[in-house]
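Take a look at the structure below.
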Amino acid sequence: MKITGKEGGPIDRAQAKKWTARYRSSGRGKTNSHLFGGETVKQLLDQEGCVAMRIYYALDDNGEQQLLLVGTDAEGNDLTEGLILDLSSPCPPDCSVNSELAG
């Protein structure tokens with residue numbers, strides 16, 4: 001698998017609103033979103049050899065849903081010897097009050 005750094009792409013606001021509403025109504029989890037600081041994500045992406053990041057779903061020791069961010073090299077390998085991010089701010093309780101995506 002060759003990673004270019006251009007994977008992923010935009011979706012329109014209506015689609016994003018529909019998908020996040022569907023998730024919230026599905027009952028799949030208590031957490032609707034996770035906030036990671038820009039400086040923290042930049043540190044992850046600035047690691048040597050990092051061209052992308054992969055996001056893993058995880059359950060912490062309390063059974064709460066988490067996201068783990070890990071850098072990925074051009075061959076698609078996780079840079080697990082480097083920085084792995086968690087400690088995000090979950091919503092709820094830290095939700096955007098003005099976002100159509102937060103419900």
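Identifiers in this document derive from the order of the structure tokens: chains are assigned A, B, ..., residues are numbered from 1 separately in each chain, and ligands are numbered from 1 in order of occurrence.
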Helix (DSSP H, G or I) positions in stretch 13-82 of chain A, given as a PyMOL selection string:
chain A and resi 13-26+38-45
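Near A:Leu101, within 7 Å and counting only C-alpha atoms, sit Ala16, Lys17 and Thr20 of chain A; same-chain residues fewer than 4 positions away were not included.
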Residues as selected, N, CA, C and O atoms, written as an mmCIF file, in the first residue's frame, can you do that?
data_model
loop_
_atom_site.group_PDB
_atom_site.id
_atom_site.type_symbol
_atom_site.label_atom_id
_atom_site.label_comp_id
_atom_site.auth_asym_id
_atom_site.auth_seq_id
_atom_site.Cartn_x
_atom_site.Cartn_y
_atom_site.Cartn_z
ATOM 1 N N ALA A 16 -22.246 15.607 5.933
ATOM 2 C CA ALA A 16 -21.646 15.491 7.264
ATOM 3 C C ALA A 16 -22.724 15.583 8.344
ATOM 4 O O ALA A 16 -22.713 14.819 9.312
ATOM 5 N N LYS A 17 -23.652 16.499 8.178
ATOM 6 C CA LYS A 17 -24.742 16.666 9.145
ATOM 7 C C LYS A 17 -25.598 15.392 9.206
ATOM 8 O O LYS A 17 -25.952 14.914 10.287
ATOM 9 N N THR A 20 -23.507 12.469 10.934
ATOM 10 C CA THR A 20 -23.330 12.611 12.382
ATOM 11 C C THR A 20 -24.656 12.430 13.108
ATOM 12 O O THR A 20 -24.692 11.845 14.192
#
So how many Å separate atom CA of A:Arg54 and atom CA of A:Trp19, to one decimal?
20.3 Å
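The spacing separating atom CA of A:Gly5 from atom CA of A:Val51 amounts to 5.1 Å.
By chain and then residue number, the residues within 12 Å of A:Ile55 are His34, Phe36, Val41, Leu44, Ala52, Met53, Tyr57, Ala58, Gln66, Leu67, Leu68, Leu69, Val70, Gly71, Thr72, Asp78, Ile84, Leu85 and Asp86 of chain A, counting only C-alpha atoms and disregarding those fewer than 2 positions away in sequence.
The list of residues with at least one atom within 7 Å of A:Asn32, based on only C-alpha atoms and without residues fewer than 4 positions apart in the same chain, reads Arg24, Cys91 and Pro92 of chain A.
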For atom CA of A:Cys50 and atom CA of A:Asn77, determine how far apart the two atoms are, in Å to one decimal place.
9.5 Å
What's around A:Ser89 at 9 Å? Count only C-alpha atoms, leave out sequence neighbours fewer than 4 positions away in its own chain, and write the answer as a PDB file with N, CA, C and O atoms, in the first residue's frame.
ATOM      1  N   SER A  33     -17.827  12.935  19.547  1.00  0.00           N
ATOM      2  CA  SER A  33     -16.656  13.471  18.864  1.00  0.00           C
ATOM      3  C   SER A  33     -15.490  13.556  19.833  1.00  0.00           C
ATOM      4  O   SER A  33     -15.660  13.415  21.041  1.00  0.00           O
ATOM      5  N   HIS A  34     -14.318  13.779  19.272  1.00  0.00           N
ATOM      6  CA  HIS A  34     -13.093  13.972  20.050  1.00  0.00           C
ATOM      7  C   HIS A  34     -12.377  15.183  19.484  1.00  0.00           C
ATOM      8  O   HIS A  34     -12.270  15.327  18.272  1.00  0.00           O
ATOM      9  N   LEU A  35     -11.875  16.032  20.350  1.00  0.00           N
ATOM     10  CA  LEU A  35     -11.130  17.212  19.926  1.00  0.00           C
ATOM     11  C   LEU A  35      -9.653  17.007  20.229  1.00  0.00           C
ATOM     12  O   LEU A  35      -9.290  16.670  21.354  1.00  0.00           O
ATOM     13  N   PHE A  36      -8.811  17.168  19.204  1.00  0.00           N
ATOM     14  CA  PHE A  36      -7.360  17.134  19.344  1.00  0.00           C
ATOM     15  C   PHE A  36      -6.836  18.508  18.959  1.00  0.00           C
ATOM     16  O   PHE A  36      -7.261  19.072  17.941  1.00  0.00           O
ATOM     17  N   PRO A  93     -18.465  15.764  27.478  1.00  0.00           N
ATOM     18  CA  PRO A  93     -19.113  17.025  27.814  1.00  0.00           C
ATOM     19  C   PRO A  93     -18.606  18.221  27.009  1.00  0.00           C
ATOM     20  O   PRO A  93     -19.241  19.268  26.998  1.00  0.00           O
ATOM     21  N   ASP A  94     -17.444  18.108  26.360  1.00  0.00           N
ATOM     22  CA  ASP A  94     -16.839  19.257  25.677  1.00  0.00           C
ATOM     23  C   ASP A  94     -17.298  19.350  24.231  1.00  0.00           C
ATOM     24  O   ASP A  94     -16.565  19.023  23.314  1.00  0.00           O
ATOM     25  N   CYS A  95     -18.537  19.809  24.036  1.00  0.00           N
ATOM     26  CA  CYS A  95     -19.131  19.864  22.704  1.00  0.00           C
ATOM     27  C   CYS A  95     -19.162  21.286  22.150  1.00  0.00           C
ATOM     28  O   CYS A  95     -19.214  22.247  22.911  1.00  0.00           O
TER      29      CYS A  95
END
Name the residues of chain A that fall into strand (DSSP E) according to DSSP on the backbone, using the chain letters and numbers of this document, as a ChimeraX atom specification.
/A:33-35,52-59,65-72,84-85,89-91
Let me make sure I understand: among A:Leu59, A:Ala74, A:Leu87, A:Leu45, which one has the smallest atom-to-atom distance to A:Lys30 if we use only C-alpha atoms?
A:Leu59
